[in-house]
file start-v6.cif (mmCIF, C-alpha atoms)
data_upload
loop_
_atom_site.label_atom_id
_atom_site.label_comp_id
_atom_site.auth_asym_id
_atom_site.auth_seq_id
_atom_site.Cartn_x
_atom_site.Cartn_y
_atom_site.Cartn_z
CA MET A 1 27.55 -3.14 0.50
CA LYS A 2 24.73 -1.61 -1.53
CA LYS A 3 21.21 -1.40 -0.13
CA ILE A 4 18.46 -3.41 -1.83
CA SER A 5 17.01 -0.22 -3.30
CA GLU A 6 20.41 0.57 -4.84
CA ARG A 7 20.89 -2.89 -6.37
CA LEU A 8 17.54 -3.16 -8.14
CA THR A 9 15.70 -1.22 -10.82
CA ILE A 10 12.27 0.11 -9.83
CA PRO A 11 10.39 -2.76 -11.56
CA GLU A 12 12.72 -5.27 -9.88
CA LEU A 13 12.18 -3.58 -6.53
CA ILE A 14 8.41 -3.75 -6.97
CA ILE A 15 8.74 -7.50 -7.64
CA TYR A 16 10.91 -7.91 -4.53
CA VAL A 17 8.40 -6.04 -2.36
CA ALA A 18 5.47 -8.01 -3.81
CA LYS A 19 7.09 -11.36 -3.01
CA PHE A 20 8.11 -10.19 0.46
CA MET A 21 4.54 -9.08 1.21
CA PHE A 22 2.93 -12.27 -0.06
CA GLU A 23 5.36 -14.63 1.69
CA ARG A 24 4.87 -12.83 5.02
CA GLU A 25 1.08 -12.51 4.72
CA LEU A 26 1.21 -8.74 4.38
CA THR A 27 -1.15 -9.24 1.46
CA ASP A 28 -3.02 -12.17 -0.06
CA ILE A 29 -4.15 -13.74 -3.31
CA ALA A 30 -7.33 -11.65 -3.26
CA GLY A 31 -5.53 -8.42 -4.01
CA GLY A 32 -3.32 -5.49 -3.26
CA ASN A 33 -1.13 -3.39 -5.50
CA ILE A 34 2.23 -1.66 -5.41
CA SER A 35 3.52 1.40 -7.22
CA ALA A 36 6.46 3.77 -7.28
CA VAL A 37 7.37 6.95 -9.16
CA ASP A 38 10.59 8.26 -10.61
CA GLY A 39 10.12 11.82 -11.79
CA ASP A 40 7.11 11.75 -14.11
CA THR A 41 7.18 7.97 -14.60
CA VAL A 42 4.84 5.68 -12.67
CA TYR A 43 5.49 1.96 -12.19
CA MET A 44 2.60 -0.21 -10.95
CA THR A 45 1.81 -3.88 -10.46
CA PRO A 46 -0.74 -5.18 -13.00
CA THR A 47 -4.35 -5.86 -12.16
CA LEU A 48 -5.05 -9.27 -10.58
CA ALA A 49 -1.36 -9.83 -9.78
CA GLY A 50 -2.41 -11.86 -6.75
CA ASN A 51 -5.46 -13.61 -8.14
CA GLN A 52 -3.98 -14.69 -11.49
CA TRP A 53 -0.24 -14.89 -10.83
CA HIS A 54 0.01 -15.34 -7.02
CA TRP A 55 2.42 -12.39 -7.07
CA ASP A 56 4.88 -14.33 -9.22
CA ILE A 57 5.35 -11.52 -11.73
CA GLY A 58 8.29 -10.31 -13.81
CA ALA A 59 9.68 -6.89 -14.67
CA ASP A 60 7.87 -6.93 -18.01
CA ASP A 61 4.53 -7.30 -16.20
CA VAL A 62 4.92 -3.99 -14.37
CA VAL A 63 2.70 -1.30 -15.92
CA VAL A 64 4.58 1.88 -16.81
CA GLY A 65 2.94 5.26 -17.42
CA SER A 66 3.28 9.00 -17.06
CA LEU A 67 1.88 11.25 -14.34
CA SER A 68 1.45 13.95 -16.95
CA ASN A 69 -0.72 11.63 -19.06
CA ILE A 70 -2.64 9.49 -16.59
CA ASP A 71 -5.61 9.10 -18.95
CA GLU A 72 -3.40 7.09 -21.27
CA MET A 73 -2.17 4.92 -18.40
CA LYS A 74 -5.74 4.22 -17.29
CA LYS A 75 -6.49 2.83 -20.76
CA ASN A 76 -3.93 0.07 -20.31
CA PRO A 77 -5.86 -3.23 -19.95
CA ARG A 78 -3.47 -4.24 -17.15
CA PHE A 79 -4.05 -1.04 -15.15
CA SER A 80 -4.60 -1.97 -11.51
CA ARG A 81 -8.14 -1.75 -10.13
CA GLU A 82 -6.89 0.33 -7.20
CA GLY A 83 -4.71 2.43 -9.49
CA LEU A 84 -6.91 5.52 -9.27
CA SER A 85 -6.07 5.86 -5.58
CA HIS A 86 -2.34 5.53 -6.27
CA LEU A 87 -2.41 8.21 -8.97
CA ALA A 88 -4.53 10.53 -6.83
CA ILE A 89 -1.99 10.33 -3.99
CA TYR A 90 0.92 11.10 -6.31
CA LYS A 91 -0.92 14.04 -7.84
CA ALA A 92 -1.90 15.51 -4.47
CA TYR A 93 1.42 14.88 -2.72
CA PRO A 94 4.37 15.12 -5.16
CA PHE A 95 6.86 14.16 -2.43
CA VAL A 96 5.34 10.66 -2.16
CA GLY A 97 7.52 8.16 -3.98
CA ALA A 98 5.66 4.92 -3.34
CA VAL A 99 2.16 3.67 -2.56
CA ILE A 100 1.18 0.24 -1.26
CA HIS A 101 -2.34 -1.15 -0.98
CA ALA A 102 -2.44 -4.44 0.92
CA HIS A 103 -4.57 -6.98 2.72
CA PRO A 104 -2.41 -7.75 5.79
CA LYS A 105 -3.39 -10.80 7.86
CA TYR A 106 -3.75 -9.00 11.19
CA ILE A 107 -5.18 -5.73 9.87
CA LEU A 108 -8.04 -7.39 7.98
CA PRO A 109 -9.98 -8.45 11.13
CA PHE A 110 -10.13 -4.77 12.14
CA THR A 111 -11.31 -3.67 8.69
CA ALA A 112 -14.07 -6.30 8.77
CA ASN A 113 -15.62 -4.37 11.65
CA ASN A 114 -14.37 -0.87 10.73
CA THR A 115 -12.48 -0.75 14.04
CA PRO A 116 -9.66 1.84 14.29
CA ILE A 117 -6.22 0.47 15.21
CA PRO A 118 -4.46 2.32 18.05
CA PRO A 119 -0.66 2.24 18.40
CA VAL A 120 0.41 -0.03 21.25
CA LEU A 121 4.07 -0.55 20.33
CA ASN A 122 6.89 1.97 20.38
CA SER A 123 7.59 1.14 16.73
CA SER A 124 4.08 2.23 15.78
CA LYS A 125 3.58 5.38 17.88
CA SER A 126 4.47 7.72 15.03
CA PHE A 127 1.60 6.39 12.90
CA GLY A 128 -1.06 7.35 15.43
CA THR A 129 -4.42 5.59 15.42
CA LEU A 130 -5.20 4.23 11.96
CA GLN A 131 -8.60 5.45 10.73
CA TYR A 132 -11.00 4.68 7.87
CA HIS A 133 -12.13 6.63 4.86
CA ALA A 134 -15.89 7.05 4.49
CA GLU A 135 -17.93 4.56 2.49
CA ALA A 136 -17.40 4.78 -1.26
CA PRO A 137 -17.62 2.44 -4.25
CA ALA A 138 -14.54 0.23 -4.48
CA TYR A 139 -11.92 1.25 -7.07
CA SER A 140 -13.71 4.57 -7.72
CA GLN A 141 -12.46 8.13 -8.05
CA GLU A 142 -14.68 8.98 -5.08
CA GLN A 143 -12.75 6.48 -2.98
CA ALA A 144 -9.45 7.90 -4.25
CA ASP A 145 -10.49 11.44 -3.31
CA LEU A 146 -11.51 10.33 0.19
CA ILE A 147 -8.14 8.66 0.72
CA VAL A 148 -6.30 11.79 -0.41
CA GLY A 149 -8.38 13.86 2.02
CA MET A 150 -7.62 11.51 4.91
CA LEU A 151 -3.87 11.85 4.26
CA LYS A 152 -3.93 15.65 4.28
CA ASP A 153 -3.04 16.01 7.95
CA ASN A 154 -0.14 13.54 7.63
CA GLN A 155 1.88 15.17 4.89
CA GLU A 156 5.02 15.65 6.97
CA GLN A 157 4.91 12.02 8.05
CA MET A 158 4.76 10.84 4.42
CA LYS A 159 7.99 12.72 3.70
CA THR A 160 10.05 10.51 6.02
CA LYS A 161 8.01 7.44 7.00
CA ALA A 162 4.48 6.57 5.90
CA ALA A 163 0.89 7.54 6.54
CA ALA A 164 -1.93 5.07 6.08
CA VAL A 165 -5.68 4.96 5.59
CA LEU A 166 -7.79 1.93 6.44
CA MET A 167 -10.36 0.86 3.85
CA PRO A 168 -13.72 -0.42 5.18
CA ARG A 169 -13.94 -4.24 4.86
CA HIS A 170 -11.03 -4.16 2.45
CA GLY A 171 -7.48 -3.41 3.61
CA ILE A 172 -5.00 -0.58 3.96
CA ILE A 173 -3.30 1.94 1.67
CA LEU A 174 -0.24 3.97 2.55
CA GLY A 175 1.96 6.64 0.99
CA SER A 176 5.67 6.87 1.68
CA PRO A 177 8.85 8.47 0.29
CA ASP A 178 10.07 5.14 -1.16
CA LEU A 179 9.13 1.47 -1.43
CA ILE A 180 11.47 0.08 1.21
CA THR A 181 10.22 2.60 3.77
CA ALA A 182 6.63 1.80 2.80
CA LEU A 183 7.28 -1.93 3.26
CA ASP A 184 8.91 -1.36 6.64
CA CYS A 185 5.97 0.72 7.86
CA LEU A 186 3.41 -1.75 6.53
CA GLN A 187 4.98 -4.58 8.51
CA ARG A 188 5.14 -2.44 11.65
CA MET A 189 1.44 -1.61 11.27
CA ASN A 190 0.54 -5.27 10.82
CA THR A 191 2.61 -6.33 13.85
CA ASN A 192 0.95 -3.59 15.87
CA ALA A 193 -2.49 -4.85 14.81
CA PHE A 194 -1.55 -8.36 15.99
CA SER A 195 -0.37 -6.89 19.30
CA VAL A 196 -3.70 -5.09 19.80
CA MET A 197 -5.54 -8.41 19.36
CA ALA A 198 -3.06 -10.34 21.51
CA GLN A 199 -3.63 -7.96 24.43
CA LYS A 200 -7.15 -9.37 24.74
CA TRP A 201 -5.80 -12.93 24.95
CA ILE A 202 -3.27 -12.26 27.69
CA SER A 203 -5.18 -9.76 29.81
#
call {"tool": "encode", "arguments": {"input": "start-v6.cif", "output": "structure tokens"}}
result
Amino acid sequence: MKKISERLTIPELIIYVAKFMFERELTDIAGGNISAVDGDTVYMTPTLAGNQWHWDIGADDVVVGSLSNIDEMKKNPRFSREGLSHLAIYKAYPFVGAVIHAHPKYILPFTANNTPIPPVLNSSKSFGTLQYHAEAPAYSQEQADLIVGMLKDNQEQMKTKAAAVLMPRHGIILGSPDLITALDCLQRMNTNAFSVMAQKWIS
């Protein structure tokens, strides 16, 4: 039996991941974005995919561009607001095959207070304590550069699993070798965040 990633095209896989995330509260209507690369080609969810379409998008809605001509991609009126961070990660770390920015239900309470998230589950130990990038204007190149800098010490991890950066009062962004791995790691991080909170209730 073929894996999901083998049965779907990249745009179809992005749609699958988007619906999975939204249905399981790994992101919300307010935002998030998903991208993947294949060689020089970048595939990315359109801007306001949550707000305007509630993540009910089709393959034709996925924005397609070239890493060797990112200025042209940025001119697309449907270019995602967080797209600069995605492109910066791909440029800095060519081995990254997918980037997810999300607003997970149990991670957001931590970002509201800029509180780091320590690993408390065996499934999350490899991620270490999730930390924040410094303050920067939302959707800016400055923010993108800070995210790239935060990921520098986790390059080996991004080759096999995922590394993530928390965004102050906003959400999380992670780089991974492929979309399915990124999705798996995102859910583990969100479950770990819930477990950190739940420890206070049962202690």
call {"tool": "resolve_selection", "arguments": {"input": "start-v6.cif", "expression": "the PyMOL selection byres ((chain A and resi 29) around 12)", "output": "list in words"}}
result
Ala18, Lys19, Met21, Phe22, Glu23, Glu25, Leu26, Thr27, Asp28, Ala30, Gly31, Gly32, Asn33, Thr47, Leu48, Ala49, Gly50, Asn51, Gln52, Trp53, His54, Trp55, Asp56, Ala102, His103, Pro104 and Lys105 of chain A
call {"tool": "residues_around", "arguments": {"input": "start-v6.cif", "residues": "Gly65 (chain A)", "least_positions_apart": "4", "cutoff": "9 Å", "atoms": "all atoms listed in the file", "output": "mmCIF file with C-alpha atoms, keeping the file's coordinate frame"}}
result
data_model
loop_
_atom_site.group_PDB
_atom_site.id
_atom_site.type_symbol
_atom_site.label_atom_id
_atom_site.label_comp_id
_atom_site.auth_asym_id
_atom_site.auth_seq_id
_atom_site.Cartn_x
_atom_site.Cartn_y
_atom_site.Cartn_z
ATOM 1 C CA ASP A 40 7.110 11.750 -14.110
ATOM 2 C CA THR A 41 7.180 7.970 -14.600
ATOM 3 C CA VAL A 42 4.840 5.680 -12.670
ATOM 4 C CA TYR A 43 5.490 1.960 -12.190
ATOM 5 C CA MET A 44 2.600 -0.210 -10.950
ATOM 6 C CA ASN A 69 -0.720 11.630 -19.060
ATOM 7 C CA ILE A 70 -2.640 9.490 -16.590
ATOM 8 C CA GLU A 72 -3.400 7.090 -21.270
ATOM 9 C CA MET A 73 -2.170 4.920 -18.400
ATOM 10 C CA LYS A 74 -5.740 4.220 -17.290
#
call {"tool": "resolve_selection", "arguments": {"input": "start-v6.cif", "expression": "the PyMOL selection byres ((chain A and resi 94) around 10)", "output": "PyMOL selection string"}}
result
chain A and resi 37+39-40+89-93+95-97+159+177
call {"tool": "axis_aligned_box", "arguments": {"input": "start-v6.cif", "around": "region 52-57 of chain A", "padding_each_side": "6 Å", "output": "lines of an AutoDock Vina configuration file"}}
result
center_x = 0.7
center_y = -13.4
center_z = -9.4
size_x = 21.3
size_y = 15.8
size_z = 16.7
call {"tool": "resolve_selection", "arguments": {"input": "start-v6.cif", "expression": "the PyMOL selection byres ((chain A and resi 151) around 12)", "output": "number ranges by chain"}}
result
A: 85, 88-90, 92-93, 96, 127, 130-133, 144-150, 152-159, 162-166, 173-176
call {"tool": "atom_distance", "arguments": {"input": "start-v6.cif", "atom1": "CA of Lys75 (chain A)", "atom2": "CA of Asp61 (chain A)"}}
result
15.6 Å
call {"tool": "atom_distance", "arguments": {"input": "start-v6.cif", "atom1": "CA of Ser126 (chain A)", "atom2": "CA of Arg24 (chain A)"}}
result
22.9 Å
call {"tool": "atom_distance", "arguments": {"input": "start-v6.cif", "atom1": "CA of Pro168 (chain A)", "atom2": "CA of Ala182 (chain A)"}}
result
20.6 Å
call {"tool": "closest_atom_pairs", "arguments": {"input": "start-v6.cif", "of": "region 111-162 of chain A", "to": "region 188-193 of chain A", "cutoff": "12 Å", "atoms": "only C-alpha atoms", "output": "CSV"}}
result
residue,atom,partner,partner_atom,distance
A:Thr111,CA,A:Ala193,CA,10.8
A:Thr115,CA,A:Ala193,CA,10.8
A:Pro116,CA,A:Ala193,CA,9.8
A:Ile117,CA,A:Ala193,CA,6.5
A:Pro118,CA,A:Ala193,CA,8.1
A:Pro119,CA,A:Asn192,CA,6.6
A:Val120,CA,A:Asn192,CA,6.5
A:Leu121,CA,A:Asn192,CA,6.2
A:Asn122,CA,A:Asn192,CA,9.3
A:Ser123,CA,A:Arg188,CA,6.7
A:Ser124,CA,A:Arg188,CA,6.3
A:Lys125,CA,A:Asn192,CA,9.6
A:Ser126,CA,A:Met189,CA,10.5
A:Phe127,CA,A:Met189,CA,8.2
A:Gly128,CA,A:Met189,CA,10.2
A:Thr129,CA,A:Met189,CA,10.2
A:Leu130,CA,A:Met189,CA,8.9
A:Lys161,CA,A:Arg188,CA,11.3
A:Ala162,CA,A:Met189,CA,10.2
call {"tool": "residues_around", "arguments": {"input": "start-v6.cif", "residues": "Lys3 (chain A)", "least_positions_apart": "4", "cutoff": "10 Å", "atoms": "all atoms listed in the file", "output": "list in words"}}
result
Arg7, Leu8 and Ile180 of chain A
call {"tool": "closest_residue", "arguments": {"input": "start-v6.cif", "among": "A:Thr160, A:Leu13, A:Asp60, A:Ala36", "to": "Cys185 (chain A)", "atoms": "all atoms listed in the file"}}
result
A:Thr160
call {"tool": "closest_residue", "arguments": {"input": "start-v6.cif", "among": "A:Met167, A:Val17, A:Ile100, A:Met197", "to": "Gln143 (chain A)", "atoms": "only C-alpha atoms"}}
result
A:Met167
call {"tool": "closest_residue", "arguments": {"input": "start-v6.cif", "among": "A:Ser140, A:Ser80, A:Ser66, A:Gln199", "to": "Asp38 (chain A)", "atoms": "only C-alpha atoms"}}
result
A:Ser66
call {"tool": "decode", "arguments": {"input": "start-v6.cif", "residues": "region 73-106 of chain A", "atoms": "N, CA and C atoms", "output": "compact mmCIF listing (two decimals), in the first residue's frame"}}
result
# COMPACT_ATOMS: atom_id res chain seq x y z
N MET A 73 7.64 35.58 -7.34
CA MET A 73 6.63 34.92 -6.52
C MET A 73 6.00 35.88 -5.52
N LYS A 74 6.82 36.77 -4.96
CA LYS A 74 6.31 37.72 -3.97
C LYS A 74 5.34 38.72 -4.59
N LYS A 75 5.36 38.87 -5.90
CA LYS A 75 4.44 39.79 -6.57
C LYS A 75 3.05 39.19 -6.74
N ASN A 76 2.95 37.89 -6.58
CA ASN A 76 1.66 37.23 -6.74
C ASN A 76 0.69 37.77 -5.68
N PRO A 77 -0.49 38.25 -6.08
CA PRO A 77 -1.44 38.81 -5.10
C PRO A 77 -1.92 37.81 -4.06
N ARG A 78 -1.72 36.52 -4.31
CA ARG A 78 -2.13 35.49 -3.36
C ARG A 78 -0.96 35.00 -2.52
N PHE A 79 0.20 35.64 -2.63
CA PHE A 79 1.37 35.25 -1.85
C PHE A 79 1.07 35.37 -0.37
N SER A 80 1.38 34.33 0.38
CA SER A 80 1.05 34.28 1.81
C SER A 80 1.77 35.35 2.61
N ARG A 81 1.09 35.91 3.60
CA ARG A 81 1.68 36.97 4.42
C ARG A 81 2.93 36.49 5.16
N GLU A 82 2.96 35.21 5.52
CA GLU A 82 4.12 34.66 6.23
C GLU A 82 5.12 34.04 5.26
N GLY A 83 4.89 34.26 3.97
CA GLY A 83 5.71 33.62 2.94
C GLY A 83 7.19 33.98 2.99
N LEU A 84 7.51 35.18 3.45
CA LEU A 84 8.91 35.59 3.52
C LEU A 84 9.71 34.65 4.43
N SER A 85 9.10 34.23 5.52
CA SER A 85 9.78 33.33 6.45
C SER A 85 9.99 31.96 5.81
N HIS A 86 9.00 31.48 5.08
CA HIS A 86 9.14 30.20 4.39
C HIS A 86 10.31 30.25 3.41
N LEU A 87 10.31 31.26 2.56
CA LEU A 87 11.36 31.38 1.55
C LEU A 87 12.74 31.53 2.17
N ALA A 88 12.82 32.28 3.27
CA ALA A 88 14.11 32.48 3.93
C ALA A 88 14.66 31.16 4.47
N ILE A 89 13.77 30.32 5.01
CA ILE A 89 14.21 29.01 5.52
C ILE A 89 14.72 28.14 4.39
N TYR A 90 14.01 28.11 3.27
CA TYR A 90 14.45 27.29 2.13
C TYR A 90 15.79 27.77 1.58
N LYS A 91 15.96 29.07 1.53
CA LYS A 91 17.21 29.64 1.01
C LYS A 91 18.39 29.32 1.93
N ALA A 92 18.17 29.41 3.22
CA ALA A 92 19.24 29.19 4.20
C ALA A 92 19.57 27.71 4.38
N TYR A 93 18.54 26.86 4.26
CA TYR A 93 18.71 25.44 4.55
C TYR A 93 18.12 24.62 3.39
N PRO A 94 18.90 24.39 2.34
CA PRO A 94 18.40 23.72 1.13
C PRO A 94 17.86 22.31 1.36
N PHE A 95 18.23 21.69 2.47
CA PHE A 95 17.74 20.34 2.76
C PHE A 95 16.33 20.33 3.33
N VAL A 96 15.80 21.49 3.69
CA VAL A 96 14.42 21.57 4.19
C VAL A 96 13.47 21.42 3.01
N GLY A 97 12.50 20.51 3.17
CA GLY A 97 11.55 20.28 2.09
C GLY A 97 10.15 20.78 2.36
N ALA A 98 9.88 21.19 3.60
CA ALA A 98 8.55 21.68 3.95
C ALA A 98 8.63 22.62 5.14
N VAL A 99 7.74 23.61 5.14
CA VAL A 99 7.64 24.56 6.25
C VAL A 99 6.16 24.70 6.61
N ILE A 100 5.88 24.65 7.89
CA ILE A 100 4.51 24.89 8.38
C ILE A 100 4.54 26.00 9.41
N HIS A 101 3.66 26.97 9.23
CA HIS A 101 3.38 27.98 10.27
C HIS A 101 1.96 27.72 10.73
N ALA A 102 1.76 27.63 12.05
CA ALA A 102 0.44 27.27 12.56
C ALA A 102 0.11 27.98 13.86
N HIS A 103 -1.16 27.91 14.21
CA HIS A 103 -1.67 28.46 15.46
C HIS A 103 -2.30 27.32 16.26
N PRO A 104 -1.51 26.40 16.80
CA PRO A 104 -2.07 25.24 17.49
C PRO A 104 -2.75 25.62 18.81
N LYS A 105 -3.85 24.94 19.10
CA LYS A 105 -4.70 25.26 20.25
C LYS A 105 -3.93 25.31 21.57
N TYR A 106 -3.04 24.35 21.80
CA TYR A 106 -2.38 24.28 23.10
C TYR A 106 -1.03 24.98 23.13
